[in-house]
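This report refers to the structure that appears directly beneath it.
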Amino acid sequence: MEENKILADLIFPNITKTVEDYENMYPKRDLPEGARVTRYAPSPTGFIHIGALLSSFTANMIAHQSGGVYYLRIEDTDTERTVENGVNVIIEGLKEFGVEFDEGPNTDGTQTGNYGPYVQSERKEIYHAFIKHLIIEGKAYPCFCTKEENDKVREHQTENKKRIGYYGKYAKCRNISTSEAIEKIKNGEQYIIRIKSPGCFDRKIVVEDLIKGKVEMPENDIDIPIMKKDGLPTYHFAHLVDDHLMRTTHITRGDEWLPSLPVHIQLFQMFGFKPLKYAHLSPISKNDNGGIRKISKRKDPEAAMSYYHQEGIPSYAVMLYLATLMNSNFEEWYNQNKEKPYTDFKFDFKKMSKSCPLFDGDKLNNISKIYFSLLKAEKIYNDACVYFEKYDKEFYNIFTKNKEYSVNLLNIEREVKKPRKDIASYKDIKKEFSYMYDELFNDVSYDWQKITNIDDIKEILDAYINVYDENDEKDAWFNKCKEVCDKLGYASDMKAYKENPDAYKGNVADLTTVIRVALTGRSQTPDLYELLKLLGKENIINRFNKVA
Ligand code: GLU
């Protein structure tokens, strides 16, 4: 014990605080019974994966629906993955999707909360106090094995079909005496720190995961590294120290961490700390040529949150979609509560998918269409402006030239068809309505339908413009279309047409189609009467004249 203390002091000469000191500095949180404390613990890579958004959204809901705390902790111990401004990208990026933190780093460089610092690279001293404690207790030791030595052991294990890892007879430095270790350190030899695992691979642990249910795994018997050569802790050890001291109650994280659970449980036991509750989320996956695979940052643009911004899918619609992936009963709830914010939905771990939720772009589009259908035209206009200003400046200038015109245009489908089903993204606004802007109504390729003879078309347009009156109500307007039909030999009465089609050049629907196509180039548009009103007589004449 005395020698362990000498070793610990040699490694950490300046660490004077103890584990107990830190326990007192960060006491149990004063929260109501049942309140959950969760966190989002990303590496600041400057990238938000859709799976990470789902995980942070889930943790946010669990904490806030229980009256608890949701905080952000930046895991920047892997210096290679850290990018400049990565923290702000995370904070701002998640905020856009409605995920906000009660504690943690802020974009101005300050930090909020009494359980910080919330950036791991600023917590080195705390980790060292915990590691020092283990060394004094004889539960951790310095390991001097080089990378080459470790590679050799790994090769040997692979060749002999042994489990890979630093355990049992392979844990060479475990048997070095403390005095020898002291000597080596004094001689300037490089080392890392490993735990002396008390586990036995033949014994099983059983854990109740909140999503996966009962999971049975062998105990950990590997002397895992807890401190790297650079003095920073490994993920496993930082998880122990941070989540214990920050008084986290529930861990939601990707299920790639499930195999590490025996290590984590063991670490908590080594300190006698209360174990945490775990919820391991399955990765969002997609169908790929009949097979199912994880959505990947490399292969799938929809893995990155920036993709949804670029595509102009509103963040709120993305969250609605994620909520359907989060809880299987969300959709049913939403269909009955469309006007309510999704945060009113009572989230439940039990309704989370044990297997991989499948990403479905069509479903996302449909949800987004429903979302747009509930919005007032003015709101769509304002949000669309923000989008176009950033992603399509040219259209932004066209779209905003006459606000009233654009708002009225967005209103047509909303007023006539309830609910509208034409827009799933801001991009769709341009796609659907570009022809309503003269600047974009060039080189039109007219999608004529039944009536294609240019003389017949011109005859219709001429006759029509003579009777068109902007002040007509819809019924009067349609009656005038019928009058033109009668005059030119088209059937104004569909029944009569069906009975004797050969007696006519076409019918009233064919005639209005000619007008529609002449004005827009397209055979499918929102309500023609409304479009005519919006374009105004002068523009109608201009557009008719464009038809060759
Ligand atoms: N930094 C880890 C990651 O990005 C966090 C995992 C966890 O939430 O514990 O995967």
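The chains in the structure tokens are called A, B, ... from first to last as shown; in each chain the residues are counted from 1, and the ligands are counted from 1 in the order shown.
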
Name each residue within 9 Å of ligand 1, counting only C-alpha atoms and all ligand atoms, as a list in words. Arg39, Tyr40, Ala41, Pro42, Ser43, Pro44, Ala52, Ser55, Arg73, Ile74, Glu75, Asp76, Tyr235, His236, His239, Asp243, Ile251, Thr252, Arg253, Gly254, Glu256 and Trp257 of chain A

For the residues selected in the previous step, produce a file with N, CA, C and O atoms as an mmCIF file, in the first residue's frame.
```cif
data_model
loop_
_atom_site.group_PDB
_atom_site.id
_atom_site.type_symbol
_atom_site.label_atom_id
_atom_site.label_comp_id
_atom_site.auth_asym_id
_atom_site.auth_seq_id
_atom_site.Cartn_x
_atom_site.Cartn_y
_atom_site.Cartn_z
ATOM 1 N N ARG A 39 -27.613 13.223 -20.912
ATOM 2 C CA ARG A 39 -26.619 14.093 -21.555
ATOM 3 C C ARG A 39 -26.417 13.693 -22.996
ATOM 4 O O ARG A 39 -26.731 12.575 -23.417
ATOM 5 N N TYR A 40 -25.854 14.650 -23.740
ATOM 6 C CA TYR A 40 -25.385 14.361 -25.093
ATOM 7 C C TYR A 40 -23.887 14.575 -25.021
ATOM 8 O O TYR A 40 -23.431 15.607 -24.534
ATOM 9 N N ALA A 41 -23.131 13.567 -25.464
ATOM 10 C CA ALA A 41 -21.685 13.613 -25.236
ATOM 11 C C ALA A 41 -20.909 13.405 -26.532
ATOM 12 O O ALA A 41 -20.244 12.392 -26.717
ATOM 13 N N PRO A 42 -20.998 14.349 -27.436
ATOM 14 C CA PRO A 42 -20.351 14.146 -28.734
ATOM 15 C C PRO A 42 -18.880 14.535 -28.748
ATOM 16 O O PRO A 42 -18.422 15.332 -27.927
ATOM 17 N N SER A 43 -18.169 13.989 -29.706
ATOM 18 C CA SER A 43 -16.848 14.519 -30.029
ATOM 19 C C SER A 43 -17.100 15.707 -30.954
ATOM 20 O O SER A 43 -17.979 15.645 -31.805
ATOM 21 N N PRO A 44 -16.335 16.771 -30.796
ATOM 22 C CA PRO A 44 -16.608 17.969 -31.600
ATOM 23 C C PRO A 44 -16.058 17.853 -33.013
ATOM 24 O O PRO A 44 -15.117 18.538 -33.398
ATOM 25 N N ALA A 52 -27.199 10.638 -34.243
ATOM 26 C CA ALA A 52 -26.856 11.437 -33.057
ATOM 27 C C ALA A 52 -28.013 12.379 -32.723
ATOM 28 O O ALA A 52 -28.329 12.611 -31.558
ATOM 29 N N SER A 55 -30.613 10.358 -31.021
ATOM 30 C CA SER A 55 -30.205 10.038 -29.658
ATOM 31 C C SER A 55 -30.337 11.260 -28.745
ATOM 32 O O SER A 55 -30.835 11.168 -27.616
ATOM 33 N N ARG A 73 -22.009 17.588 -22.949
ATOM 34 C CA ARG A 73 -20.609 17.398 -22.534
ATOM 35 C C ARG A 73 -19.780 17.136 -23.786
ATOM 36 O O ARG A 73 -20.134 16.284 -24.608
ATOM 37 N N ILE A 74 -18.725 17.854 -23.912
ATOM 38 C CA ILE A 74 -17.906 17.708 -25.114
ATOM 39 C C ILE A 74 -16.775 16.715 -24.849
ATOM 40 O O ILE A 74 -15.967 16.900 -23.942
ATOM 41 N N GLU A 75 -16.743 15.669 -25.652
ATOM 42 C CA GLU A 75 -15.745 14.612 -25.469
ATOM 43 C C GLU A 75 -14.597 14.833 -26.461
ATOM 44 O O GLU A 75 -14.609 14.291 -27.559
ATOM 45 N N ASP A 76 -13.669 15.644 -26.028
ATOM 46 C CA ASP A 76 -12.590 16.035 -26.945
ATOM 47 C C ASP A 76 -11.243 15.419 -26.565
ATOM 48 O O ASP A 76 -10.198 15.995 -26.813
ATOM 49 N N TYR A 235 -12.150 6.825 -23.304
ATOM 50 C CA TYR A 235 -13.603 7.063 -23.253
ATOM 51 C C TYR A 235 -14.225 6.373 -22.036
ATOM 52 O O TYR A 235 -15.032 6.975 -21.316
ATOM 53 N N HIS A 236 -13.841 5.087 -21.819
ATOM 54 C CA HIS A 236 -14.477 4.312 -20.747
ATOM 55 C C HIS A 236 -14.311 4.997 -19.392
ATOM 56 O O HIS A 236 -15.237 5.084 -18.599
ATOM 57 N N HIS A 239 -16.190 8.317 -19.100
ATOM 58 C CA HIS A 239 -17.627 8.037 -18.914
ATOM 59 C C HIS A 239 -17.910 7.821 -17.431
ATOM 60 O O HIS A 239 -18.841 8.403 -16.864
ATOM 61 N N ASP A 243 -19.954 10.903 -15.840
ATOM 62 C CA ASP A 243 -21.369 10.625 -15.613
ATOM 63 C C ASP A 243 -21.667 10.424 -14.134
ATOM 64 O O ASP A 243 -22.775 10.703 -13.674
ATOM 65 N N ILE A 251 -28.209 6.886 -19.450
ATOM 66 C CA ILE A 251 -27.317 7.050 -20.609
ATOM 67 C C ILE A 251 -28.068 6.576 -21.853
ATOM 68 O O ILE A 251 -28.471 5.423 -21.922
ATOM 69 N N THR A 252 -28.236 7.474 -22.802
ATOM 70 C CA THR A 252 -28.742 7.029 -24.112
ATOM 71 C C THR A 252 -27.575 7.180 -25.072
ATOM 72 O O THR A 252 -26.989 8.257 -25.187
ATOM 73 N N ARG A 253 -27.247 6.127 -25.754
ATOM 74 C CA ARG A 253 -26.125 6.190 -26.695
ATOM 75 C C ARG A 253 -26.281 5.075 -27.723
ATOM 76 O O ARG A 253 -27.103 4.172 -27.567
ATOM 77 N N GLY A 254 -25.487 5.159 -28.761
ATOM 78 C CA GLY A 254 -25.556 4.173 -29.834
ATOM 79 C C GLY A 254 -25.199 2.782 -29.329
ATOM 80 O O GLY A 254 -24.387 2.633 -28.409
ATOM 81 N N GLU A 256 -23.377 0.670 -30.487
ATOM 82 C CA GLU A 256 -21.989 0.217 -30.683
ATOM 83 C C GLU A 256 -21.264 0.183 -29.337
ATOM 84 O O GLU A 256 -20.212 -0.430 -29.204
ATOM 85 N N TRP A 257 -21.859 0.823 -28.318
ATOM 86 C CA TRP A 257 -21.252 0.812 -26.977
ATOM 87 C C TRP A 257 -21.743 -0.341 -26.114
ATOM 88 O O TRP A 257 -21.230 -0.543 -25.016
#
```

All helix (DSSP H, G or I) positions in range 199-443 of chain A, as an MDAnalysis selection string: chainID A and resid 235:245 255:271 301:303 305:311 315:326 330:336 342:344 349:351 361:373 377:391 393:400 403:416 426:436 438:440

Just write the chosen residues, C-alpha atoms, as a tab-separated table (two decimals), in the first residue's frame.
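Generated file (selection_31.tsv):
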```
chain	number	residue	atom	x	y	z
A	235	TYR	CA	-13.60	7.06	-23.25
A	236	HIS	CA	-14.48	4.31	-20.75
A	237	PHE	CA	-12.83	6.05	-17.85
A	238	ALA	CA	-14.12	9.50	-18.70
A	239	HIS	CA	-17.63	8.04	-18.91
A	240	LEU	CA	-17.28	6.73	-15.36
A	241	VAL	CA	-15.89	9.93	-13.87
A	242	ASP	CA	-18.06	12.40	-15.76
A	243	ASP	CA	-21.37	10.62	-15.61
A	244	HIS	CA	-20.87	9.89	-11.93
A	245	LEU	CA	-19.85	13.42	-10.95
A	255	ASP	CA	-25.56	0.42	-29.42
A	256	GLU	CA	-21.99	0.22	-30.68
A	257	TRP	CA	-21.25	0.81	-26.98
A	258	LEU	CA	-23.26	-2.18	-25.79
A	259	PRO	CA	-20.24	-4.54	-25.86
A	260	SER	CA	-18.43	-2.09	-23.54
A	261	LEU	CA	-21.10	-2.35	-20.89
A	262	PRO	CA	-19.28	-4.99	-18.81
A	263	VAL	CA	-16.30	-2.63	-18.63
A	264	HIS	CA	-18.46	0.27	-17.54
A	265	ILE	CA	-20.32	-1.70	-14.94
A	266	GLN	CA	-17.04	-3.00	-13.59
A	267	LEU	CA	-15.57	0.51	-13.35
A	268	PHE	CA	-18.57	1.73	-11.36
A	269	GLN	CA	-18.23	-1.28	-9.06
A	270	MET	CA	-14.52	-0.67	-8.52
A	271	PHE	CA	-15.40	2.72	-7.04
A	301	PRO	CA	-26.11	12.33	-47.86
A	302	GLU	CA	-29.15	11.99	-45.59
A	303	ALA	CA	-26.83	10.96	-42.71
A	305	MET	CA	-28.17	17.14	-40.70
A	306	SER	CA	-26.85	19.75	-43.12
A	307	TYR	CA	-28.50	17.74	-45.91
A	308	TYR	CA	-31.99	18.57	-44.62
A	309	HIS	CA	-31.13	22.26	-44.47
A	310	GLN	CA	-29.81	22.21	-48.01
A	311	GLU	CA	-32.86	20.34	-49.27
A	315	SER	CA	-36.29	21.15	-39.08
A	316	TYR	CA	-39.64	20.69	-37.39
A	317	ALA	CA	-40.72	18.20	-40.05
A	318	VAL	CA	-37.46	16.30	-39.59
A	319	MET	CA	-38.14	16.12	-35.86
A	320	LEU	CA	-41.67	14.87	-36.47
A	321	TYR	CA	-40.20	12.18	-38.65
A	322	LEU	CA	-37.57	11.26	-36.06
A	323	ALA	CA	-40.32	11.04	-33.46
A	324	THR	CA	-41.91	8.30	-35.57
A	325	LEU	CA	-38.61	6.44	-35.48
A	326	MET	CA	-38.27	7.09	-31.77
A	330	PHE	CA	-46.04	8.53	-32.18
A	331	GLU	CA	-47.64	8.56	-35.62
A	332	GLU	CA	-51.01	7.50	-34.27
A	333	TRP	CA	-50.80	10.21	-31.63
A	334	TYR	CA	-49.73	12.81	-34.16
A	335	ASN	CA	-52.60	12.01	-36.50
A	336	GLN	CA	-54.98	12.90	-33.71
A	342	TYR	CA	-44.62	17.06	-30.67
A	343	THR	CA	-43.13	17.63	-27.22
A	344	ASP	CA	-46.63	17.01	-25.78
A	349	PHE	CA	-38.47	3.75	-23.78
A	350	LYS	CA	-40.61	0.65	-24.10
A	351	LYS	CA	-41.88	1.86	-27.46
A	361	GLY	CA	-37.43	9.29	-47.37
A	362	ASP	CA	-40.99	9.04	-48.72
A	363	LYS	CA	-42.39	9.00	-45.24
A	364	LEU	CA	-40.32	12.01	-44.31
A	365	ASN	CA	-41.73	13.81	-47.36
A	366	ASN	CA	-45.27	12.92	-46.44
A	367	ILE	CA	-44.81	14.14	-42.89
A	368	SER	CA	-43.28	17.32	-44.22
A	369	LYS	CA	-46.27	17.82	-46.54
A	370	ILE	CA	-48.62	17.48	-43.60
A	371	TYR	CA	-46.50	19.97	-41.68
A	372	PHE	CA	-46.70	22.51	-44.53
A	373	SER	CA	-50.43	21.92	-44.87
A	377	ALA	CA	-49.06	31.07	-46.23
A	378	GLU	CA	-47.36	34.00	-44.53
A	379	LYS	CA	-45.34	31.68	-42.27
A	380	ILE	CA	-44.30	29.51	-45.21
A	381	TYR	CA	-43.30	32.66	-47.05
A	382	ASN	CA	-41.15	33.93	-44.16
A	383	ASP	CA	-39.42	30.60	-43.57
A	384	ALA	CA	-38.90	30.10	-47.29
A	385	CYS	CA	-37.25	33.52	-47.51
A	386	VAL	CA	-34.68	32.45	-44.91
A	387	TYR	CA	-33.99	29.33	-46.92
A	388	PHE	CA	-33.75	31.00	-50.34
A	389	GLU	CA	-31.62	33.82	-49.05
A	390	LYS	CA	-29.08	31.24	-47.94
A	391	TYR	CA	-29.31	28.61	-50.64
A	393	LYS	CA	-30.15	33.98	-53.85
A	394	GLU	CA	-31.40	34.36	-57.42
A	395	PHE	CA	-34.79	32.93	-56.61
A	396	TYR	CA	-34.83	34.82	-53.32
A	397	ASN	CA	-34.74	38.10	-55.26
A	398	ILE	CA	-37.55	36.98	-57.54
A	399	PHE	CA	-39.65	35.52	-54.73
A	400	THR	CA	-39.41	38.59	-52.51
A	403	LYS	CA	-44.38	39.73	-51.16
A	404	GLU	CA	-48.15	39.92	-51.50
A	405	TYR	CA	-48.02	38.11	-54.83
A	406	SER	CA	-45.91	35.26	-53.41
A	407	VAL	CA	-48.02	34.93	-50.28
A	408	ASN	CA	-51.20	34.83	-52.36
A	409	LEU	CA	-49.64	32.22	-54.58
A	410	LEU	CA	-48.79	30.07	-51.57
A	411	ASN	CA	-52.33	30.54	-50.38
A	412	ILE	CA	-54.05	29.14	-53.46
A	413	GLU	CA	-53.57	25.50	-52.72
A	414	ARG	CA	-54.22	26.06	-49.03
A	415	GLU	CA	-57.55	27.73	-49.70
A	416	VAL	CA	-58.76	25.45	-52.44
A	426	TYR	CA	-38.85	25.05	-49.59
A	427	LYS	CA	-37.19	23.79	-52.74
A	428	ASP	CA	-40.58	22.49	-53.83
A	429	ILE	CA	-41.95	26.03	-53.82
A	430	LYS	CA	-39.64	26.94	-56.64
A	431	LYS	CA	-40.27	23.65	-58.39
A	432	GLU	CA	-44.05	23.93	-58.13
A	433	PHE	CA	-44.51	27.62	-58.84
A	434	SER	CA	-41.57	28.86	-60.88
A	435	TYR	CA	-43.85	29.52	-63.91
A	436	MET	CA	-45.71	32.14	-61.92
A	438	ASP	CA	-42.03	36.01	-65.40
A	439	GLU	CA	-38.25	35.86	-64.93
A	440	LEU	CA	-38.49	32.07	-64.93
```

Check the smallest atom-to-atom distance from each of A:Phe544, A:Tyr127, A:Phe144, A:Tyr166 to Gly231 in chain A using only C-alpha atoms, then report the winner.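 Comparing A:Phe544, A:Tyr127, A:Phe144, A:Tyr166 against Gly231 in chain A, the winner is A:Tyr127.
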
Can you pull out every residue within 10 Å of range 289-296 of chain A, counting only C-alpha atoms, but drop anything in the same chain fewer than 6 positions away, and send it as a PyMOL selection string? chain A and resi 49-51+282-283+302-304+356-359

How many Å separate CA of Asn150 in chain A from CA of Phe12 in chain A?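 That distance, rounded to one decimal, is 25.4 Å.
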
Go through range 183-246 of chain A residue by residue and, counting only C-alpha atoms, keep those with an atom at most 9 Å from range 273-278 of chain A; for each kept residue give the shortest atom pair and its distance in Å to one decimal, ordered by chain and increasing number, as a Markdown table.
```
| residue | atom | partner | partner_atom | distance |
| --- | --- | --- | --- | --- |
| A:Val207 | CA | A:Tyr278 | CA | 8.9 |
| A:Glu208 | CA | A:Tyr278 | CA | 8.0 |
| A:Asp209 | CA | A:Tyr278 | CA | 5.5 |
| A:Leu210 | CA | A:Tyr278 | CA | 6.1 |
| A:Ile211 | CA | A:Tyr278 | CA | 8.3 |
| A:Asp243 | CA | A:Leu276 | CA | 8.5 |
| A:His244 | CA | A:Phe273 | CA | 7.5 |
```

Hey, can you spit out that residue selection with N, CA and C atoms as a PDB file, in the first residue's frame?
```pdb
ATOM      1  N   VAL A 207     -27.734  -7.441 -17.459  1.00  0.00           N
ATOM      2  CA  VAL A 207     -28.136  -6.038 -17.311  1.00  0.00           C
ATOM      3  C   VAL A 207     -29.474  -5.833 -17.995  1.00  0.00           C
ATOM      4  N   GLU A 208     -30.282  -4.986 -17.404  1.00  0.00           N
ATOM      5  CA  GLU A 208     -31.581  -4.660 -17.998  1.00  0.00           C
ATOM      6  C   GLU A 208     -31.406  -3.368 -18.789  1.00  0.00           C
ATOM      7  N   ASP A 209     -31.252  -3.498 -20.087  1.00  0.00           N
ATOM      8  CA  ASP A 209     -31.145  -2.296 -20.916  1.00  0.00           C
ATOM      9  C   ASP A 209     -32.562  -1.775 -21.174  1.00  0.00           C
ATOM     10  N   LEU A 210     -32.727  -0.454 -21.132  1.00  0.00           N
ATOM     11  CA  LEU A 210     -34.079   0.109 -21.227  1.00  0.00           C
ATOM     12  C   LEU A 210     -34.704  -0.094 -22.596  1.00  0.00           C
ATOM     13  N   ILE A 211     -33.885  -0.312 -23.605  1.00  0.00           N
ATOM     14  CA  ILE A 211     -34.438  -0.565 -24.939  1.00  0.00           C
ATOM     15  C   ILE A 211     -34.309  -2.033 -25.317  1.00  0.00           C
ATOM     16  N   ASP A 243     -19.954  10.903 -15.840  1.00  0.00           N
ATOM     17  CA  ASP A 243     -21.369  10.625 -15.613  1.00  0.00           C
ATOM     18  C   ASP A 243     -21.667  10.424 -14.134  1.00  0.00           C
ATOM     19  N   HIS A 244     -20.649   9.972 -13.382  1.00  0.00           N
ATOM     20  CA  HIS A 244     -20.866   9.889 -11.934  1.00  0.00           C
ATOM     21  C   HIS A 244     -20.920  11.288 -11.315  1.00  0.00           C
TER      22      HIS A 244
END
```

Taking into account only C-alpha atoms, which residue in the set A:Val69, A:Met227, A:Ala63, A:Leu531 is nearest to Asp30 in chain A?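 For Asp30 in chain A, the nearest of the candidates is A:Val69.
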
Record the distance separating CA of Ile48 in chain A and CA of Pro341 in chain A, expressed in Å with one decimal. 23.4 Å

Counting only C-alpha atoms, which residue out of A:Val99, A:Ala548, A:Leu374, A:Ile451 sits closest to Glu339 in chain A?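 Closest candidate: A:Leu374.
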
Filtered DSSP result for range 286-531 of chain A, state strand (DSSP E), as a PyMOL selection string: chain A and resi 286-288+291-294

Would you output that residue set with C-alpha atoms, as a PDB file, in the first residue's frame?
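This went into result38.pdb:
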```pdb
ATOM      1  CA  LYS A 286     -31.633   1.879 -44.847  1.00  0.00           C
ATOM      2  CA  ASN A 287     -32.518  -0.552 -47.554  1.00  0.00           C
ATOM      3  CA  ASP A 288     -29.713  -0.912 -50.009  1.00  0.00           C
ATOM      4  CA  GLY A 291     -29.966  -5.630 -47.910  1.00  0.00           C
ATOM      5  CA  ILE A 292     -30.174  -3.519 -44.791  1.00  0.00           C
ATOM      6  CA  ARG A 293     -27.230  -1.455 -43.611  1.00  0.00           C
ATOM      7  CA  LYS A 294     -26.483   1.423 -41.263  1.00  0.00           C
TER       8      LYS A 294
END
```

Please provide as JSON, numbers by chain all residues within 9 Å of Pro233 in chain A, with the sequence filter that same-chain residues fewer than 6 positions apart are discarded (counting only C-alpha atoms). {"A": [77, 120, 124, 127, 128, 225, 226, 227]}

Within 7 Å of range 478-486 of chain A, counting only C-alpha atoms, which residues qualify if same-chain residues fewer than 5 places away don't, as a ChimeraX atom specification? /A:463-464,467,491-492,508

Given the selection you just returned, output its residues as a file containing N, CA and C atoms, formatted as a short mmCIF file (atom, residue, chain, number, x, y, z; two decimals), in the first residue's frame.
```cif
data_model
loop_
_atom_site.label_atom_id
_atom_site.label_comp_id
_atom_site.auth_asym_id
_atom_site.auth_seq_id
_atom_site.Cartn_x
_atom_site.Cartn_y
_atom_site.Cartn_z
N ALA A 463 -60.57 33.81 -78.42
CA ALA A 463 -61.97 33.89 -78.01
C ALA A 463 -62.06 34.09 -76.50
N TYR A 464 -61.17 33.43 -75.79
CA TYR A 464 -61.25 33.48 -74.33
C TYR A 464 -60.89 34.87 -73.80
N VAL A 467 -63.61 37.46 -73.65
CA VAL A 467 -64.70 37.40 -72.65
C VAL A 467 -64.17 37.50 -71.21
N ALA A 491 -67.72 20.83 -76.45
CA ALA A 491 -68.90 20.52 -75.62
C ALA A 491 -68.80 21.24 -74.28
N SER A 492 -69.80 22.06 -73.95
CA SER A 492 -69.78 22.71 -72.64
C SER A 492 -70.42 21.79 -71.61
N VAL A 508 -65.15 20.97 -72.46
CA VAL A 508 -64.75 22.15 -71.69
C VAL A 508 -63.45 21.93 -70.89
#
```

Can you tell me which residues surround range 190-198 of chain A at a distance of at most 8 Å, considering only C-alpha atoms, apart from same-chain residues fewer than 4 positions away, and format the answer as a list in words?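 Listed by chain and then number, they are Leu134, Gly138, Lys139, Ala140, Tyr141, Pro142, Cys143, Phe144, Cys145, Arg174, Ile185, Asn220, Asp221, Ile222, Asp223, Ile224, Pro225, Ile226, Met227, Lys228 and Lys229 of chain A.
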
If I take CA of Asp102 in chain A and CA of Ala59 in chain A, how far is one from the other in Å, to one decimal?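 Computing the Euclidean distance for CA of Asp102 in chain A and CA of Ala59 in chain A yields 12.2 Å.
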
With distances taken over only C-alpha atoms, which residue among A:Pro419, A:Lys95, A:Pro218, A:Gly113 lies nearest Ile205 in chain A? A:Pro218
